Amino acid sequence: MGTGRRRDASPPILRRRRGWLSALLVLPVALSACATQPVTDVAREIHREYEITLTIALVMFVLVGTTILAFVVRFRHRRGDPSPAGSGPTDDRRLQTAFWLVPVLIVLFFLANEMVALGKIDARHPHPLRVDVEGFQWQWRFTYPTYRLSDGSALSFQGKSGMHPVRPVLALPLGRPIEIHLTAGDVLHAFFVPDFLFQRMAIPGRVGVFSFTPDRTGTFQGACTELCGLYHSKMLFTVKVLPPGAFATYMRGQVTAANHAKAACRTAPGGVARLVASGIAFDTNCLQVAANAPVKIAFGNRDAGVAHNVQILQGNTILFTGAIVTGPKAITYTVHPIPPGTYTFRCEIHPTQMVGTFKVG
């Protein structure tokens, strides 16, 4: 009689719970439609992995939850019912085998599937457009080795560190493979574009290489996701994916603008060249002074708590090194006479971000 009561009672209880079990299954699937839609081939592969994982997790949740509920109802103990030793679901060897075998098969499936996906994500694309990306405290620098300026240097875009409202732009062509060479100039940073569903660490002294192909035009936001110092939250950039023709026009315009900027050298009236450091960047990338005469550099460091100075080099030979000053502070350097020619000036502390042309003649 007791066994009969249990069998008669279980179906209604399971039926009453069928509604909310179905809702739990449908709700995550519906919410997944609100997730960020991928914009690159790599992002689509990662998104596919999310969907596979979510589907299997939902199926297992329903199966395990339903099984637990059925066992609770089927084998619950009531007052007065006999409880003979050894009478329970654990005596079924088939259930015990399934309990261990099914999770092992699921893990092996995930392992094989993830290995295939990682192979696709890490694959190098043929004939890519290379972009060198450098993170520094606290902004990004994007360099295009394919696009050269009149002086032979590569076209580069650098953001200004700190509270500066203008973000650097990483422009990319639609449908063309992109190869990013990623590094950091000082501390750990992380390159992340949410719509790319992809993040890579930028490590000082190491160059990480990864590829992807944008397949949707638009403007997307990127950020550093590694806590890297005072203005970490302001280390933002913009990604613009343009049609091939619009991208070519945009890059030609940027090369022209950069050539004009380089040609417009700041002079030194009265023998005094003025130079300001702000946002881990100089306010000009070209200084022109008279030859064979002493020159003064009125240098202002506006970066609070950050050290800067001015060096002048001929190739790798250092001709002048000014005292390092921590901002906000101003100092005037006196540089000995330098023969006519084209040299380089830079900040000794941030040599890759803060650099320019020093013309003497």
# chains A, B, ... in the order shown; residues from 1 in each chain; ligands from 1
$ residues_around --residues "Gly152 of chain A" --least-positions-apart "2" --cutoff "12 Å" --atoms "only C-alpha atoms" --output "count of residues only"
12
$ select_by_dssp --residues "segment 60-302 of chain A" --states "strand (DSSP E or B)" --output "short mmCIF file (atom, residue, chain, number, x, y, z; two decimals) with C-alpha atoms, in the first residue's frame"
data_model
loop_
_atom_site.label_atom_id
_atom_site.label_comp_id
_atom_site.auth_asym_id
_atom_site.auth_seq_id
_atom_site.Cartn_x
_atom_site.Cartn_y
_atom_site.Cartn_z
CA LEU A 129 47.25 44.65 -42.26
CA ARG A 130 49.72 45.00 -39.39
CA VAL A 131 49.04 47.40 -36.54
CA ASP A 132 51.50 47.86 -33.66
CA VAL A 133 49.63 48.57 -30.42
CA GLU A 134 51.46 49.83 -27.34
CA GLY A 135 49.89 50.48 -23.96
CA PHE A 136 51.49 52.96 -21.58
CA GLN A 139 46.86 55.60 -22.96
CA TRP A 140 47.42 53.73 -26.22
CA ARG A 141 49.61 54.19 -29.27
CA PHE A 142 48.58 52.72 -32.66
CA THR A 143 51.25 52.50 -35.38
CA TYR A 144 50.69 51.40 -38.99
CA PRO A 145 54.02 50.23 -40.51
CA THR A 146 52.39 49.97 -43.95
CA TYR A 147 51.67 53.72 -44.06
CA ARG A 148 54.79 55.90 -44.20
CA ALA A 154 55.40 55.04 -39.76
CA LEU A 155 52.00 56.68 -39.33
CA SER A 156 51.12 56.65 -35.64
CA PHE A 157 48.25 57.77 -33.41
CA GLN A 158 48.84 58.35 -29.72
CA VAL A 169 41.30 55.96 -32.84
CA LEU A 170 42.21 52.50 -34.12
CA ALA A 171 40.92 52.51 -37.71
CA LEU A 172 40.44 49.14 -39.42
CA PRO A 173 39.20 48.10 -42.89
CA ILE A 178 44.26 42.45 -39.14
CA GLU A 179 47.42 41.41 -37.30
CA ILE A 180 47.97 43.16 -33.97
CA HIS A 181 51.46 43.29 -32.44
CA LEU A 182 50.76 44.12 -28.81
CA THR A 183 53.20 45.29 -26.14
CA ALA A 184 53.45 47.62 -23.12
CA HIS A 189 48.01 46.54 -19.52
CA ALA A 190 45.19 44.64 -21.24
CA PHE A 191 43.74 45.29 -24.72
CA PHE A 192 39.98 44.72 -24.71
CA VAL A 193 37.16 45.59 -27.11
CA PHE A 198 38.45 39.14 -26.93
CA GLN A 199 41.14 40.30 -24.52
CA ARG A 200 44.93 40.05 -24.59
CA MET A 201 47.55 41.13 -22.06
CA ALA A 202 50.09 43.80 -23.03
CA PRO A 204 56.51 44.98 -21.12
CA GLY A 208 51.99 39.35 -28.42
CA VAL A 209 50.63 38.68 -31.90
CA PHE A 210 47.01 37.88 -32.75
CA SER A 211 44.79 38.15 -35.84
CA PHE A 212 41.15 38.76 -36.64
CA PRO A 214 36.33 42.64 -38.95
CA GLY A 218 30.74 50.64 -36.98
CA THR A 219 32.33 52.43 -34.06
CA PHE A 220 33.25 50.38 -31.00
CA GLN A 221 34.79 51.24 -27.66
CA GLY A 222 37.93 49.70 -26.17
CA ALA A 223 39.69 49.93 -22.83
CA CYS A 224 42.50 48.67 -20.66
CA LEU A 236 40.08 54.31 -23.34
CA PHE A 237 40.19 54.18 -27.14
CA THR A 238 37.84 53.96 -30.12
CA VAL A 239 37.80 51.36 -32.89
CA LYS A 240 36.38 52.40 -36.26
CA VAL A 241 35.70 49.69 -38.83
CA LEU A 242 35.31 51.32 -42.25
CA ARG A 266 58.21 75.17 -33.65
CA THR A 267 60.97 77.74 -33.74
CA VAL A 272 64.49 79.99 -26.42
CA ALA A 273 62.52 76.89 -27.48
CA ARG A 274 59.37 76.24 -25.49
CA LEU A 275 58.28 72.68 -24.81
CA VAL A 276 55.50 71.33 -22.59
CA ALA A 277 54.85 67.78 -21.35
CA PHE A 282 55.01 66.66 -25.72
CA CYS A 286 59.25 69.18 -33.93
CA LEU A 287 61.60 71.90 -32.65
CA GLN A 288 63.87 74.05 -34.81
CA VAL A 289 66.81 76.02 -33.37
CA VAL A 295 69.97 77.39 -27.11
CA LYS A 296 67.67 77.36 -24.13
CA ILE A 297 64.72 74.98 -23.75
CA ALA A 298 61.99 76.32 -21.48
CA PHE A 299 60.48 73.02 -20.39
CA GLY A 300 57.22 72.72 -18.45
CA ASN A 301 56.06 69.42 -16.92
#
$ atom_distance --atom1 "atom CA of Arg48 of chain A" --atom2 "atom CA of Thr66 of chain A"
27.1 Å
$ closest_residue --among "A:Arg167, A:Gln254, A:Phe196, A:Asp151" --to "Thr357 of chain A" --atoms "only C-alpha atoms"
A:Asp151
$ atom_distance --atom1 "atom CA of Thr213 of chain A" --atom2 "atom CA of Glu45 of chain A"
11.8 Å
$ residues_around --residues "segment 326-330 of chain A" --least-positions-apart "2" --cutoff "7 Å" --atoms "only C-alpha atoms" --output "list in words"
Phe299, Gly300, Asn301, Arg302, Asp303, Ala304, Gly305, Val306, Ala307, His308 and Ile324 of chain A
